[in-house]
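Visitor: Have a look at the structure that comes next, please.
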Amino acid sequence: MPHALSRRQSLQLGAAFAASAGLACVSACSTSGMTPDGGGQADAAFARLSAKWLKDSARTRPSWATALGDHAFDSELTDMSPSGRAARNAVTAETGAALRALDREQLGPDNLLDALMLQDALAAADFSANALQDWAWDPLVYSDLAGGSLYALMARDFAPLPERLLSAAARMEKLPELLSQARSQLDPSRTPLIHAQTWAKQNPGAIAIIDELIAPNAAALGDADRSRLLGAAETARQAIRAHQAWIETDLITKAAGDFRLGATLFDPKLRWSVDAATPRAEIRRQAESDLERVTSEMYDIARTVLATRSGGAALPETASADRRRAAVLEALAIAAADRSARTRLFQDVEASLASQTRFVRERDLITLPDAPVKVIEMPKFQQGVAVAYCDSPGPLDRRLETFYAVSPIPADWTQEQADSYLREYNRRSVEELSIHEAMPGHYVQIWHANKHPSVLRAVLGSGTFIEGWACYAQDMMIEAGHGGDDPLRRLVNLKWALRVIANAILDQGVHVDGWDEAAAMRFMTGEAFQEEREAAGKWTRARVSSGQLSTYYVGWTGHHALRREVKARDGAGFDLKTYHNRLLSHGSPPLALVRALMLGLPLPTTA
């Protein structure tokens, strides 16, 4: 799911304000383009503040800036040394002071909303850098910087190829220094083993980018530039190989950190992740209640499916937990039998995307993008955490392609493991995946968000709004008739709902309650009906991330609640397409702020 990792490392709060909509180009943005209100002195002051923060953020985080639309720093890499971190901390502190001095009572509504989002983003960035200190123990921070800095230059044609190749040469020349910074900053005694092991799998992916996307295009350069590019490529390869040896022989052997954050760190991380101060215990209580409700609905469908298949009487309306579980598993097994071959998954994903696009257009559910989406194989440097993600262009590259990236089935998996994966991602489940990641999920929503005139808002997009929309979209498509009268499709949709609910429970179970692998797997395969491969992958993801898994559940429930409120207010005048277009026209703010806009309520002046 990713958006999962879309904006590939939105899991990392080190990129808190880059979140899911990404760090946009700022050096070419006009002040008026960032602040739609622009009326009085406070609005003008906020415009200047925003422009400076955006520019300084791009300058001190050039790798993210490139990936998400700013090409002024394409030849640079993010400085992860103590001085580089100090520079970013200074930007956060300076911006925070300026924001606190601003008279927010005088801001127009768009600027006030952006100011509230910026306030939270600064607090989250400060927490990540100084309390969480992920730069000292999480190697995946560096994994994305290394591979992502090169991939972002080559994945999209945002500039002429020779220009992008020269930027790639400059970055490859600097790559040894970045990897050296990683080795000096990471403390093996604080690094969890699973993080080190995941990095060991991802690190060689940077060489794949060089060999597949950069070096084959060297002929586009003149002799001198081509020689420089190929030399830089070899320098980078050697540095990556040497770094791989360090990961395997040093970091992995010495990794002794606990992947569990514990309540002291998890609670603030959860608050910044879900954009809400809802107590952890309340999220858990709500999730457990929804788990029971959805399981009961799945049992009702399973009763109908099994009675139809057997020709016998339906199962009783009430049954023990074990009998309900057995019935749901039996019905899900029927859906799982209709699955792709190991070599056909990508074709089925593409076919599902095409059919969903036709359906959304025919039912006129929402305004569709005028920019393309393309199904791709997930780059190797991103594999090992999520099954899929949506990689949208930044706000200033908005007409470029969106990538719907799907992880291939690992070549070293046994046939039994591959079958487990394909049972989970059977043909009906692939429909859910494609709705979530693309149509009308992340791809459509981010396209709408990128149209908002405030670049700052696109930069500060709420992961909870974004993930919640994609989960809501899955249910909305079922309501609109996608899947027809197929009860198994609805059953699989509810299984995905259970996944959303289970994510929030798992997040807390792992990081606060001390769940081990056996407890986590028992919960996912038992109460959430997940196949072994899906559960195993989620166990890894829960350990290498924190807080982000809860965004699905909080966003999903929030989007459904908001639509119910607006529909109750509008009555017979409620129109679904109008609602969707208006909702998404605001960008991707936290749901509490969108609710105020949609219902005509005043915005708070403090977050």
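Every chain in the structure tokens takes a letter, A first, then B, and so on in the order presented; its residues are numbered from 1, and the ligands are numbered from 1 following the presented order.
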Quick one: everything within 7 Å of Thr551 (chain A), counting only C-alpha atoms, minus sequence neighbours fewer than 6 positions away in the same chain. Send it as a ChimeraX atom specification.

Guide: /A:273-274,463-464,467

Visitor: Need the shell around region 335-348 of chain A: protein/DNA/RNA residues with any atom at most 7 Å away, counting only C-alpha atoms. Skip same-chain ones fewer than 4 positions apart. Format as a count of residues only?

Guide: 8

Visitor: Find the distance between CA of His482 (chain A) and CA of Asn581 (chain A) and write it in Å to one decimal.

Guide: 19.8 Å

Visitor: Within region 47-265 of chain A, find each residue whose DSSP state, derived from the backbone, is helix (DSSP H, G or I), and express the selection as a PyMOL selection string.

Guide: chain A and resi 47-60+62-67+82-100+104-106+109-132+134-136+140-154+161-185+193-202+205-220+223-254+263-265

Visitor: What is the distance, in Å and to one decimal place, between CA of Leu365 (chain A) and CA of Lys577 (chain A)?

Guide: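 Spanning CA of Leu365 (chain A) to CA of Lys577 (chain A) is a straight-line distance of 4.9 Å.
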
Visitor: Would you kindly return, as number ranges by chain, each protein, DNA or RNA residue with an atom no farther than 10 Å from any atom of Trp447 (chain A), considering only C-alpha atoms and excluding same-chain residues fewer than 5 positions away?

Guide: A: 21, 368-371, 392-395, 398-399, 402, 442, 452, 584-585, 587

Visitor: Mind checking which residues fall within 8 Å of region 156-164 of chain A, counting only C-alpha atoms, ignoring those fewer than 2 positions away in the same chain, and posting them as an mmCIF file with N, CA and C atoms, in the first residue's frame?

Guide:
data_model
loop_
_atom_site.group_PDB
_atom_site.id
_atom_site.type_symbol
_atom_site.label_atom_id
_atom_site.label_comp_id
_atom_site.auth_asym_id
_atom_site.auth_seq_id
_atom_site.Cartn_x
_atom_site.Cartn_y
_atom_site.Cartn_z
ATOM 1 N N ALA A 152 15.633 8.918 -9.080
ATOM 2 C CA ALA A 152 14.798 10.085 -9.344
ATOM 3 C C ALA A 152 15.275 10.862 -10.564
ATOM 4 N N LEU A 153 16.570 10.796 -10.855
ATOM 5 C CA LEU A 153 17.101 11.492 -12.027
ATOM 6 C C LEU A 153 16.746 10.793 -13.328
ATOM 7 N N MET A 154 16.576 9.485 -13.286
ATOM 8 C CA MET A 154 16.442 8.718 -14.520
ATOM 9 C C MET A 154 15.036 8.195 -14.777
ATOM 10 N N LEU A 166 24.466 14.061 -16.592
ATOM 11 C CA LEU A 166 25.542 14.801 -15.939
ATOM 12 C C LEU A 166 25.243 14.986 -14.451
ATOM 13 N N SER A 167 23.981 15.186 -14.114
ATOM 14 C CA SER A 167 23.613 15.248 -12.696
ATOM 15 C C SER A 167 23.863 13.899 -12.027
ATOM 16 N N ALA A 168 23.558 12.820 -12.745
ATOM 17 C CA ALA A 168 23.813 11.482 -12.202
ATOM 18 C C ALA A 168 25.304 11.263 -11.985
ATOM 19 N N ALA A 220 24.561 9.130 -25.182
ATOM 20 C CA ALA A 220 23.906 10.428 -25.370
ATOM 21 C C ALA A 220 24.840 11.588 -25.062
ATOM 22 N N LEU A 221 26.016 11.303 -24.506
ATOM 23 C CA LEU A 221 26.970 12.349 -24.132
ATOM 24 C C LEU A 221 28.147 12.396 -25.092
ATOM 25 N N ASP A 397 6.183 18.716 -11.311
ATOM 26 C CA ASP A 397 6.368 17.740 -12.394
ATOM 27 C C ASP A 397 5.047 17.030 -12.648
ATOM 28 N N LEU A 400 4.003 14.666 -15.572
ATOM 29 C CA LEU A 400 4.801 13.483 -15.871
ATOM 30 C C LEU A 400 4.085 12.223 -15.356
ATOM 31 N N GLU A 401 4.650 11.080 -15.705
ATOM 32 C CA GLU A 401 4.011 9.804 -15.379
ATOM 33 C C GLU A 401 3.951 9.548 -13.879
#

Visitor: Which residues are near Val91 (chain A)? Cut-off 8 Å, only C-alpha atoms, ignore same chain within fewer than 2 positions. Put them as a PyMOL selection string.

Guide: chain A and resi 53+56-57+87-89+93-95

Visitor: Applying 8 Å and only C-alpha atoms, which residues near region 297-302 of chain A remain after dropping the ones on its own chain fewer than 6 positions away? List them as JSON, numbers by chain.

Guide: {"A": [317, 324, 325, 327, 328, 330, 331, 487, 488, 491, 494, 495]}
